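Undergrad: Pasting start.cif below, which is mmCIF, C-alpha atoms.
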```cif
data_start
loop_
_atom_site.label_atom_id
_atom_site.label_comp_id
_atom_site.auth_asym_id
_atom_site.auth_seq_id
_atom_site.Cartn_x
_atom_site.Cartn_y
_atom_site.Cartn_z
CA MET A 1 163.26 104.99 59.08
CA ASP A 2 160.92 104.63 62.05
CA TYR A 3 157.72 102.67 61.56
CA PRO A 4 154.66 103.19 63.75
CA GLU A 5 154.25 100.53 66.39
CA GLN A 6 151.74 97.86 65.36
CA LYS A 7 149.23 97.16 68.09
CA HIS A 8 148.25 93.53 68.59
CA GLN A 9 144.62 93.01 67.56
CA ARG A 10 142.94 90.73 70.07
CA ARG A 11 139.95 88.70 69.08
CA ALA A 12 136.71 90.22 70.35
CA ARG A 13 135.56 88.08 73.25
CA TYR A 14 131.96 87.21 73.97
CA LYS A 15 130.16 88.31 77.10
CA GLY A 16 129.41 85.79 79.82
CA THR A 17 130.61 82.19 80.01
CA HIS A 18 129.39 80.91 76.63
CA PRO A 19 129.27 82.31 73.08
CA ARG A 20 125.77 83.33 72.05
CA ASN A 21 125.94 83.90 68.31
CA PHE A 22 127.52 82.18 65.32
CA LYS A 23 130.56 84.44 64.90
CA GLU A 24 131.44 84.34 68.62
CA LYS A 25 131.90 80.56 68.38
CA TYR A 26 135.35 81.12 66.90
CA LYS A 27 136.81 77.99 68.51
CA GLU A 28 134.16 75.76 66.93
CA LEU A 29 134.67 77.53 63.61
CA GLN A 30 138.36 76.56 63.68
CA PRO A 31 138.18 72.79 64.35
CA GLU A 32 141.81 72.16 63.36
CA LYS A 33 143.03 74.68 65.95
CA TYR A 34 140.63 73.94 68.82
CA VAL A 35 140.24 70.15 68.69
CA ASP A 36 139.38 69.77 72.38
CA THR A 37 136.57 72.37 72.25
CA VAL A 38 135.03 70.76 69.17
CA ALA A 39 135.22 67.30 70.78
CA LYS A 40 133.42 68.56 73.89
CA VAL A 41 130.62 70.10 71.81
CA ILE A 42 130.12 66.84 69.89
CA GLN A 43 130.23 64.79 73.09
CA LYS A 44 127.34 66.86 74.45
CA GLY A 45 125.23 65.85 71.44
CA SER A 46 125.54 69.17 69.62
CA THR A 47 127.00 70.04 66.22
CA PRO A 48 129.87 72.56 66.36
CA ALA A 49 129.24 75.82 64.52
CA GLY A 50 130.39 75.70 60.91
CA MET A 51 130.58 71.91 60.92
CA HIS A 52 128.33 69.04 59.92
CA ILE A 53 128.12 65.57 61.41
CA SER A 54 127.24 63.08 58.68
CA ILE A 55 124.24 60.82 59.31
CA CYS A 56 123.83 57.05 58.78
CA VAL A 57 127.46 56.66 57.67
CA LYS A 58 127.64 53.05 58.87
CA GLU A 59 124.37 52.08 57.20
CA ILE A 60 125.34 53.79 53.92
CA LEU A 61 128.76 52.14 53.74
CA GLU A 62 127.33 48.73 54.59
CA PHE A 63 124.91 49.00 51.68
CA LEU A 64 127.18 50.59 49.05
CA GLN A 65 129.87 47.91 49.55
CA ILE A 66 132.52 50.15 48.01
CA ARG A 67 135.57 48.34 46.63
CA PRO A 68 138.98 49.72 45.60
CA GLY A 69 139.06 50.68 41.92
CA GLN A 70 135.40 51.69 41.69
CA THR A 71 134.02 55.03 40.49
CA GLY A 72 131.38 56.76 42.57
CA LEU A 73 129.34 59.93 42.83
CA ASP A 74 128.39 61.97 45.87
CA ALA A 75 125.56 64.03 44.41
CA THR A 76 125.42 66.37 47.42
CA LEU A 77 128.92 66.97 48.81
CA GLY A 78 128.08 69.35 51.68
CA TYR A 79 130.69 69.21 54.46
CA GLY A 80 132.21 66.11 52.85
CA GLY A 81 131.78 63.68 55.73
CA HIS A 82 130.18 60.93 53.64
CA THR A 83 132.63 61.57 50.80
CA LEU A 84 135.60 61.22 53.15
CA GLU A 85 134.45 57.81 54.36
CA MET A 86 133.77 56.64 50.81
CA LEU A 87 137.23 57.80 49.75
CA LYS A 88 138.75 55.78 52.59
CA SER A 89 136.90 52.71 51.31
CA LEU A 90 138.54 53.10 47.88
CA GLU A 91 141.98 52.71 49.49
CA SER A 92 143.54 55.18 47.02
CA LYS A 93 142.30 53.17 44.03
CA GLY A 94 139.37 54.57 42.08
CA HIS A 95 137.69 57.95 41.93
CA ILE A 96 134.80 59.90 43.40
CA TYR A 97 133.01 62.77 41.72
CA ALA A 98 131.23 65.14 44.10
CA LEU A 99 128.67 67.85 43.34
CA ASP A 100 127.30 70.78 45.29
CA VAL A 101 125.28 73.79 44.22
CA ASP A 102 126.51 75.91 47.17
CA PRO A 103 129.63 77.90 46.16
CA VAL A 104 130.19 79.11 49.72
CA GLU A 105 130.67 75.65 51.24
CA LEU A 106 132.04 73.82 48.18
CA SER A 107 135.40 75.59 48.19
CA LYS A 108 135.79 75.05 51.95
CA THR A 109 135.08 71.33 51.65
CA ARG A 110 137.39 70.91 48.66
CA GLU A 111 140.27 72.52 50.58
CA ARG A 112 139.49 70.46 53.70
CA LEU A 113 139.62 67.18 51.78
CA GLN A 114 142.78 68.23 49.94
CA ARG A 115 144.48 68.86 53.29
CA LEU A 116 143.57 65.29 54.25
CA GLY A 117 145.35 63.98 51.16
CA TYR A 118 142.47 63.62 48.71
CA GLY A 119 143.51 65.60 45.66
CA SER A 120 142.36 65.59 42.04
CA ASP A 121 143.75 62.10 41.41
CA LEU A 122 141.06 60.67 43.72
CA LEU A 123 138.40 63.36 43.94
CA THR A 124 136.78 65.70 41.42
CA THR A 125 134.41 68.37 42.77
CA ARG A 126 131.96 70.37 40.68
CA GLN A 127 129.62 73.25 41.47
CA LEU A 128 126.60 71.66 39.88
CA ASN A 129 123.01 70.93 40.84
CA PHE A 130 122.48 67.20 41.25
CA ALA A 131 119.61 67.38 38.76
CA ASN A 132 122.40 67.55 36.17
CA ILE A 133 124.10 64.25 37.02
CA ASP A 134 123.88 63.25 33.35
CA GLN A 135 126.46 65.95 32.54
CA VAL A 136 128.98 64.35 34.90
CA ALA A 137 128.13 60.81 33.79
CA THR A 138 128.91 61.72 30.17
CA GLU A 139 132.50 62.32 31.25
CA ALA A 140 132.93 59.95 34.19
CA GLY A 141 130.15 57.38 34.28
CA PRO A 142 128.68 54.93 34.60
CA PHE A 143 129.02 54.93 38.38
CA ASP A 144 129.39 51.89 40.61
CA PHE A 145 127.79 53.75 43.51
CA VAL A 146 125.85 56.96 44.05
CA LEU A 147 124.91 58.76 47.26
CA ALA A 148 122.48 61.66 47.64
CA ASP A 149 122.00 63.24 51.06
CA LEU A 150 119.01 65.55 50.59
CA GLY A 151 119.29 67.33 53.93
CA LEU A 152 120.71 70.76 54.61
CA SER A 153 124.20 70.80 56.08
CA SER A 154 124.47 72.00 59.66
CA MET A 155 126.89 74.76 58.67
CA GLN A 156 124.21 76.15 56.36
CA ILE A 157 121.52 75.96 59.05
CA ASP A 158 123.70 77.47 61.77
CA ASN A 159 124.97 80.44 59.75
CA PRO A 160 122.39 83.23 60.26
CA ASP A 161 123.56 84.96 57.07
CA ARG A 162 121.98 82.14 55.06
CA GLY A 163 118.52 82.56 56.62
CA PHE A 164 117.68 78.85 56.94
CA SER A 165 116.80 78.86 60.63
CA TYR A 166 113.89 80.64 62.31
CA LYS A 167 115.85 80.59 65.58
CA LYS A 168 118.41 83.20 64.55
CA GLU A 169 118.14 86.75 63.27
CA GLY A 170 119.19 86.96 59.64
CA SER A 171 118.20 87.84 56.12
CA LEU A 172 115.33 85.69 54.82
CA ASP A 173 117.43 84.29 51.99
CA LEU A 174 117.08 80.46 51.98
CA ARG A 175 118.93 79.95 48.69
CA LEU A 176 121.31 77.00 48.47
CA ASN A 177 123.23 79.06 45.93
CA PRO A 178 123.08 82.65 47.22
CA GLU A 179 124.49 83.91 43.92
CA LYS A 180 121.48 82.89 41.84
CA GLY A 181 117.71 83.04 41.85
CA MET A 182 115.14 84.68 44.10
CA SER A 183 115.50 84.92 47.90
CA GLY A 184 112.79 83.75 50.28
CA ALA A 185 111.80 87.35 51.02
CA GLU A 186 111.44 88.13 47.31
CA ARG A 187 109.45 84.97 46.71
CA LEU A 188 106.95 85.83 49.47
CA ARG A 189 106.32 89.25 47.93
CA LYS A 190 105.26 87.62 44.66
CA MET A 191 102.81 85.06 46.10
CA THR A 192 99.05 85.26 46.52
CA GLN A 193 97.36 83.91 49.62
CA VAL A 194 96.08 80.88 47.69
CA GLU A 195 99.57 80.14 46.33
CA LEU A 196 101.16 80.53 49.75
CA GLU A 197 98.64 78.27 51.46
CA GLY A 198 99.11 75.63 48.76
CA MET A 199 102.88 75.84 49.11
CA LEU A 200 102.71 75.30 52.89
CA ILE A 201 100.51 72.23 52.45
CA GLU A 202 102.35 70.68 49.51
CA ASN A 203 105.91 71.31 50.69
CA ALA A 204 105.53 70.76 54.43
CA ASP A 205 102.07 69.34 55.29
CA GLU A 206 101.44 72.44 57.43
CA PRO A 207 98.12 72.00 59.36
CA TYR A 208 97.78 75.76 60.00
CA ALA A 209 98.51 76.74 56.40
CA ALA A 210 95.34 78.83 56.04
CA LEU A 211 95.99 80.83 59.24
CA ILE A 212 99.66 81.43 58.48
CA SER A 213 99.20 82.36 54.82
CA ARG A 214 96.39 84.78 55.72
CA ALA A 215 98.57 86.45 58.36
CA ILE A 216 101.60 86.79 56.05
CA ILE A 217 99.60 88.29 53.18
CA SER A 218 97.75 90.62 55.54
CA GLU A 219 101.03 91.94 56.98
CA MET A 220 102.47 92.57 53.52
CA LYS A 221 99.31 94.39 52.39
CA ASN A 222 99.73 96.64 55.42
CA GLY A 223 103.23 97.51 54.30
CA THR A 224 105.22 95.15 56.56
CA ASP A 225 108.62 94.21 55.15
CA ILE A 226 109.15 90.48 55.76
CA SER A 227 112.84 90.36 54.92
CA THR A 228 114.26 88.77 58.08
CA THR A 229 113.92 85.34 59.68
CA THR A 230 112.74 86.78 62.98
CA LYS A 231 110.01 88.86 61.34
CA LEU A 232 108.55 85.79 59.63
CA ARG A 233 108.75 83.88 62.90
CA GLN A 234 106.92 86.69 64.73
CA ILE A 235 104.08 86.66 62.20
CA ILE A 236 103.70 82.88 62.60
CA GLU A 237 103.65 83.25 66.39
CA ASP A 238 100.98 85.95 66.20
CA ALA A 239 98.91 83.89 63.76
CA LEU A 240 98.78 80.96 66.19
CA LYS A 241 97.88 82.90 69.33
CA LEU A 242 94.42 81.31 69.39
CA ILE A 243 95.91 77.88 70.12
CA THR A 244 95.46 76.84 73.75
CA ALA A 245 98.35 77.78 76.03
CA ASP A 246 99.24 74.15 76.78
CA ASN A 247 99.90 73.36 73.12
CA ARG A 248 100.90 76.76 71.75
CA LYS A 249 104.68 76.69 72.25
CA GLU A 250 105.15 73.31 70.55
CA ALA A 251 102.70 74.16 67.77
CA ILE A 252 104.54 77.40 67.00
CA ARG A 253 107.92 75.63 66.98
CA LYS A 254 106.72 72.99 64.52
CA SER A 255 104.89 75.48 62.32
CA CYS A 256 107.99 77.67 62.13
CA GLN A 257 110.05 74.66 61.09
CA ARG A 258 107.51 73.63 58.47
CA THR A 259 107.02 77.16 57.09
CA PHE A 260 110.75 77.73 56.65
CA GLN A 261 111.07 74.28 55.10
CA ALA A 262 108.21 74.93 52.68
CA LEU A 263 109.65 78.27 51.59
CA ARG A 264 113.16 76.82 51.20
CA VAL A 265 111.82 73.94 49.09
CA ASP A 266 110.00 76.45 46.89
CA VAL A 267 112.93 78.88 46.54
CA ASN A 268 115.30 76.09 45.48
CA SER A 269 112.74 74.06 43.44
CA GLU A 270 113.79 71.08 45.53
CA PHE A 271 111.00 68.69 44.53
CA GLU A 272 111.48 69.45 40.83
CA VAL A 273 115.24 68.96 41.18
CA LEU A 274 114.78 65.66 43.05
CA TYR A 275 112.30 64.40 40.45
CA GLU A 276 114.76 65.17 37.64
CA PHE A 277 117.58 63.46 39.56
CA LEU A 278 115.49 60.31 40.11
CA GLU A 279 114.53 60.24 36.42
CA LYS A 280 118.16 60.41 35.27
CA LEU A 281 119.59 58.19 38.02
CA PRO A 282 119.27 54.76 36.33
CA ASN A 283 121.11 56.03 33.25
CA VAL A 284 124.21 57.01 35.25
CA LEU A 285 124.48 53.74 37.18
CA ALA A 286 126.56 50.81 35.99
CA LYS A 287 124.97 47.35 35.87
CA GLY A 288 124.74 46.25 39.49
CA GLY A 289 125.39 49.85 40.59
CA ARG A 290 124.07 50.86 44.00
CA VAL A 291 122.36 54.08 45.06
CA ALA A 292 121.52 55.28 48.57
CA ILE A 293 119.33 58.33 49.20
CA LEU A 294 118.95 60.04 52.55
CA SER A 295 115.83 62.20 52.90
CA PHE A 296 114.59 64.34 55.79
CA HIS A 297 110.91 65.05 55.24
CA SER A 298 107.88 63.16 54.00
CA GLY A 299 107.61 64.92 50.63
CA GLU A 300 111.12 63.87 49.62
CA ASP A 301 110.67 60.33 50.91
CA ARG A 302 107.40 59.90 48.97
CA LEU A 303 109.14 60.87 45.72
CA VAL A 304 112.05 58.48 46.32
CA LYS A 305 109.76 55.61 47.33
CA LYS A 306 107.48 56.09 44.31
CA SER A 307 110.41 56.27 41.88
CA PHE A 308 112.14 53.18 43.27
CA LYS A 309 108.94 51.12 43.30
CA GLY A 310 107.98 52.15 39.77
CA LEU A 311 111.41 51.38 38.33
CA LEU A 312 111.51 48.05 40.18
CA ARG A 313 108.27 47.03 38.45
CA GLU A 314 109.76 48.06 35.11
CA GLY A 315 112.84 45.93 35.74
CA VAL A 316 115.24 48.89 35.83
CA TYR A 317 116.15 48.06 39.42
CA ASN A 318 116.35 44.44 40.52
CA GLU A 319 116.14 45.19 44.24
CA ILE A 320 115.08 48.08 46.46
CA SER A 321 114.75 48.63 50.21
CA THR A 322 111.32 47.49 51.36
CA GLU A 323 111.37 49.72 54.45
CA VAL A 324 113.12 52.96 55.34
CA ILE A 325 116.38 52.61 57.22
CA ARG A 326 116.79 54.98 60.15
CA ALA A 327 119.70 56.13 62.26
CA SER A 328 120.32 54.05 65.36
CA PRO A 329 119.09 55.26 68.77
CA GLU A 330 122.72 55.76 69.76
CA GLU A 331 123.35 58.03 66.79
CA CYS A 332 120.16 60.00 67.45
CA ASN A 333 121.25 60.55 71.05
CA MET A 334 124.59 61.92 69.82
CA ASN A 335 123.09 63.95 66.97
CA SER A 336 119.48 65.09 67.26
CA ARG A 337 119.40 65.99 63.54
CA ALA A 338 119.62 62.27 62.72
CA ARG A 339 116.13 61.58 64.07
CA SER A 340 114.30 62.66 60.92
CA ALA A 341 116.62 60.88 58.48
CA LYS A 342 115.17 58.19 56.19
CA MET A 343 117.42 56.11 53.98
CA ARG A 344 116.27 54.14 50.93
CA TRP A 345 118.37 52.20 48.45
CA ALA A 346 118.19 50.53 45.06
CA ILE A 347 120.38 48.28 42.88
CA LYS A 348 120.51 48.64 39.08
CA ALA A 349 119.49 45.53 37.14
#
```
Could you write out this structure as structure tokens?

TA:
Amino acid sequence: MDYPEQKHQRRARYKGTHPRNFKEKYKELQPEKYVDTVAKVIQKGSTPAGMHISICVKEILEFLQIRPGQTGLDATLGYGGHTLEMLKSLESKGHIYALDVDPVELSKTRERLQRLGYGSDLLTTRQLNFANIDQVATEAGPFDFVLADLGLSSMQIDNPDRGFSYKKEGSLDLRLNPEKGMSGAERLRKMTQVELEGMLIENADEPYAALISRAIISEMKNGTDISTTTKLRQIIEDALKLITADNRKEAIRKSCQRTFQALRVDVNSEFEVLYEFLEKLPNVLAKGGRVAILSFHSGEDRLVKKSFKGLLREGVYNEISTEVIRASPEECNMNSRARSAKMRWAIKA
């Protein structure tokens, strides 16, 4: 029997000398296959598409002082970079539990770590919001060390389908778990101007909150569908046209960042989740247990600082960091996303 000849399907190549969009960066998206390409991207100070470069790894490990045989929790698994280094510190003795609310990235990270030799005997992963750490502690705690990296992973930011970045065209989604809850676009449609302005101030300290909220509500009243990242960015740009030319470009960039941040925080109830996590945290730590928290904007850092100070006064913690710990200048030069990182720590009494 003759079978029709199968034509070889070549990968669609990008135009020009460099890939322009996320899907065209196929070499970066396959780090195991294109090691040299990925290394060159990192060397230039950029994060390869679909990857995440963990921040303050040295500082976190120095504080946690992980020893073989201990049990730990990574409350925000992400790409798994921090988890990998903590697993190495256990020297195949002990166990780490790792949580992530994002089903898209969780399965990828689990498989990646399994390929590196970290199976269920050393690592247990759960799709769970870190506000629910008490559920894991009931089974596995108390923990000798806990890490919570509150920042978005680069692979989430860079993927336009997730809608986290104003720089790329995509659906205005912004959900950490795209299978649940209300998208950013849906949330905007339900807000009043007063609510929107308050959200921009509370979640991102946006100085042009009144201008931006007025512009967004006005557009929606006129029938504009704000369902894409680029449409929201355009409205912000138009709202800030009155700013002097010398300052306009930078002001628009920062306001776009803050507006997307504020909406993301709202969509995912990030402050409420963090508050619940901080409330439950002491109860999941063993005596002498150590916790490190990495935050990336002032609202998060204020909550962490207030919680640690209050619980220190109550005698729940016997020591906390007196100042924020930041990434080194060398790390910031290699990874620009490290510049906004703030690390705080505490030790259970």

Undergrad: List as a count of residues only the protein and nucleic acid residues near Leu64 (chain A), meaning an atom at most 8 Å away when all atoms listed in the file are counted, but skip any in the same chain fewer than 3 places from it.

TA: 6

Undergrad: Go through region 68-185 of chain A residue by residue and, counting only C-alpha atoms, keep those with an atom at most 8 Å from region 261-276 of chain A; for each kept residue give the shortest atom pair and its distance in Å to one decimal, ordered by chain and increasing number, as CSV.

TA:
```
residue,atom,partner,partner_atom,distance
A:Phe130,CA,A:Val273,CA,7.5
A:Ala131,CA,A:Val273,CA,5.2
A:Phe164,CA,A:Arg264,CA,7.6
A:Leu174,CA,A:Arg264,CA,5.4
A:Arg175,CA,A:Asn268,CA,6.2
A:Leu176,CA,A:Asn268,CA,6.8
A:Gly181,CA,A:Val267,CA,7.9
A:Met182,CA,A:Val267,CA,6.7
A:Ser183,CA,A:Val267,CA,6.7
A:Gly184,CA,A:Val267,CA,6.1
```

Undergrad: Considering all atoms listed in the file, state which residue in the set A:Pro68, A:Gly94, A:Ser213, A:Glu111 is at the smallest distance from Gly80 (chain A).

TA: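 So, comparing all the options, the nearest one is A:Glu111.
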
Undergrad: List the spatial neighbours of Ser321 (chain A) as a short mmCIF file (atom, residue, chain, number, x, y, z; two decimals) with C-alpha atoms, in the frame of the given file - criterion: any atom at most 7 Å away, all atoms listed in the file, same-chain residues fewer than 4 positions off excluded.

TA:
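Dumped everything to result-v4.cif:
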```
data_model
loop_
_atom_site.label_atom_id
_atom_site.label_comp_id
_atom_site.auth_asym_id
_atom_site.auth_seq_id
_atom_site.Cartn_x
_atom_site.Cartn_y
_atom_site.Cartn_z
CA ARG A 344 116.27 54.14 50.93
CA TRP A 345 118.37 52.20 48.45
CA ALA A 346 118.19 50.53 45.06
#
```

Undergrad: Could you check how far CA of Ser120 (chain A) sits from CA of Ser295 (chain A), in Å to one decimal?

TA: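 Atom-to-atom, CA of Ser120 (chain A) and CA of Ser295 (chain A) are spaced 28.9 Å apart.
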
Undergrad: Given the file shown, determine the residues that the PyMOL selection byres ((chain A and resi 305-316) around 7) selects; report them as number ranges by chain.

TA: A: 278, 301-304, 317-320, 346, 348-349

Undergrad: Selected residues, C-alpha atoms, written as a PDB file, in the coordinates of the input, please.

TA:
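The resulting file, out_37.pdb, is reproduced below:
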```pdb
ATOM      1  CA  LEU A 278     115.490  60.310  40.110  1.00  0.00           C
ATOM      2  CA  ASP A 301     110.670  60.330  50.910  1.00  0.00           C
ATOM      3  CA  ARG A 302     107.400  59.900  48.970  1.00  0.00           C
ATOM      4  CA  LEU A 303     109.140  60.870  45.720  1.00  0.00           C
ATOM      5  CA  VAL A 304     112.050  58.480  46.320  1.00  0.00           C
ATOM      6  CA  TYR A 317     116.150  48.060  39.420  1.00  0.00           C
ATOM      7  CA  ASN A 318     116.350  44.440  40.520  1.00  0.00           C
ATOM      8  CA  GLU A 319     116.140  45.190  44.240  1.00  0.00           C
ATOM      9  CA  ILE A 320     115.080  48.080  46.460  1.00  0.00           C
ATOM     10  CA  ALA A 346     118.190  50.530  45.060  1.00  0.00           C
ATOM     11  CA  LYS A 348     120.510  48.640  39.080  1.00  0.00           C
ATOM     12  CA  ALA A 349     119.490  45.530  37.140  1.00  0.00           C
TER      13      ALA A 349
END
```

Undergrad: Evaluated on this file, the PyMOL selection byres ((chain A and resi 284) around 10) picks out some residues - which ones are they, written as a compact mmCIF listing (two decimals) with C-alpha atoms, in the frame of the given file?

TA:
```
# COMPACT_ATOMS: atom_id res chain seq x y z
CA LEU A 73 129.34 59.93 42.83
CA ILE A 133 124.10 64.25 37.02
CA ASP A 134 123.88 63.25 33.35
CA GLN A 135 126.46 65.95 32.54
CA VAL A 136 128.98 64.35 34.90
CA ALA A 137 128.13 60.81 33.79
CA THR A 138 128.91 61.72 30.17
CA ALA A 140 132.93 59.95 34.19
CA GLY A 141 130.15 57.38 34.28
CA PRO A 142 128.68 54.93 34.60
CA PHE A 143 129.02 54.93 38.38
CA ASP A 144 129.39 51.89 40.61
CA PHE A 145 127.79 53.75 43.51
CA VAL A 146 125.85 56.96 44.05
CA LYS A 280 118.16 60.41 35.27
CA LEU A 281 119.59 58.19 38.02
CA PRO A 282 119.27 54.76 36.33
CA ASN A 283 121.11 56.03 33.25
CA LEU A 285 124.48 53.74 37.18
CA ALA A 286 126.56 50.81 35.99
CA LYS A 287 124.97 47.35 35.87
CA GLY A 289 125.39 49.85 40.59
CA LYS A 348 120.51 48.64 39.08
```

Undergrad: Apply the PyMOL selection byres ((chain A and resi 188-200) around 12) to the displayed file and report the matching residues as an MDAnalysis selection string.

TA: chainID A and resid 172:174 182:187 201:221 223:228 232 255:267 269 271 299

Undergrad: Take the point (103.3, 77.4, 66.8) as written in the file and pick out every residue within 9 Å of it, counting only C-alpha atoms; give the list as a list of chain:residue names.

TA: A:Tyr208, A:Ile236, A:Glu237, A:Asp238, A:Ala239, A:Leu240, A:Lys241, A:Ile243, A:Asn247, A:Arg248, A:Lys249, A:Glu250, A:Ala251, A:Ile252, A:Arg253, A:Lys254, A:Ser255, A:Cys256

Undergrad: Could you check which of A:Glu91, A:Glu330, A:Glu179, A:Asp102 is closest to Gly78 (chain A), using only C-alpha atoms?

TA: A:Asp102

Undergrad: Counting all atoms listed in the file, which residues come within 9 Å of (144.3, 54.4, 42.7), with the point read in the file's coordinates, and could you list them as number ranges by chain?

TA: A: 68-69, 90-95, 121-122

Undergrad: Once you have the residues from the selection above, write them out as an mmCIF file, in the coordinates of the input, restricted to C-alpha atoms.

TA:
```
data_model
loop_
_atom_site.group_PDB
_atom_site.id
_atom_site.type_symbol
_atom_site.label_atom_id
_atom_site.label_comp_id
_atom_site.auth_asym_id
_atom_site.auth_seq_id
_atom_site.Cartn_x
_atom_site.Cartn_y
_atom_site.Cartn_z
ATOM 1 C CA PRO A 68 138.980 49.720 45.600
ATOM 2 C CA GLY A 69 139.060 50.680 41.920
ATOM 3 C CA LEU A 90 138.540 53.100 47.880
ATOM 4 C CA GLU A 91 141.980 52.710 49.490
ATOM 5 C CA SER A 92 143.540 55.180 47.020
ATOM 6 C CA LYS A 93 142.300 53.170 44.030
ATOM 7 C CA GLY A 94 139.370 54.570 42.080
ATOM 8 C CA HIS A 95 137.690 57.950 41.930
ATOM 9 C CA ASP A 121 143.750 62.100 41.410
ATOM 10 C CA LEU A 122 141.060 60.670 43.720
#
```

Undergrad: Please determine an axis-aligned box that encloses all atoms of region 192-197 of chain A listed in the file, with 5 Å added on each side, and express its centre and edge lengths in Å to one decimal as JSON.

TA:
```
{"center_x": 98.6, "center_y": 81.8, "center_z": 48.9, "size_x": 15.1, "size_y": 17.0, "size_z": 15.1}
```

Undergrad: What's around Leu77 (chain A) at 12 Å? Count all atoms listed in the file, leave out sequence neighbours fewer than 3 positions away in its own chain, and write the answer as number ranges by chain.

TA: A: 52, 54, 73-74, 80-84, 86, 96-103, 105-110, 113, 123-130, 146-153

Undergrad: Could you jot down the CA of Ser340 (chain A) to CA of Ile325 (chain A) separation for me, Å, one decimal place?

TA: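 It comes out at 10.9 Å.
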
Undergrad: Could you check how far CA of Ser89 (chain A) sits from CA of Lys58 (chain A), in Å to one decimal?

TA: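 Taking CA of Ser89 (chain A) and CA of Lys58 (chain A), their separation equals 12.0 Å.
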
Undergrad: Which one of A:Val57, A:Phe277, A:Arg115, A:Gln234 sits closest to Ala75 (chain A) if you count all atoms listed in the file?

TA: A:Phe277

Undergrad: Go through A:Lys342, A:Glu169, A:Thr244, A:Lys180 one by one, measure the shortest atom-to-atom distance of each to Glu323 (chain A) using all atoms listed in the file, and give the residue with the smallest value.

TA: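 Answer, going by the shortest atom-to-atom distance: A:Lys342.
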
Undergrad: I want to know what sits within 12 Å of Cys332 (chain A), based on all atoms listed in the file, with residues of the same chain fewer than 2 positions away left out; could you give that as a PyMOL selection string?

TA: chain A and resi 45-46+53-56+326-330+334-341

Undergrad: For each of A:Thr229, A:Gln70, A:Asn132, A:Asn177, take the minimum atom-to-atom distance to Gly163 (chain A), counting only C-alpha atoms, then give the residue where this is smallest.

TA: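 The shortest atom-to-atom distance to Gly163 (chain A) comes from A:Thr229.
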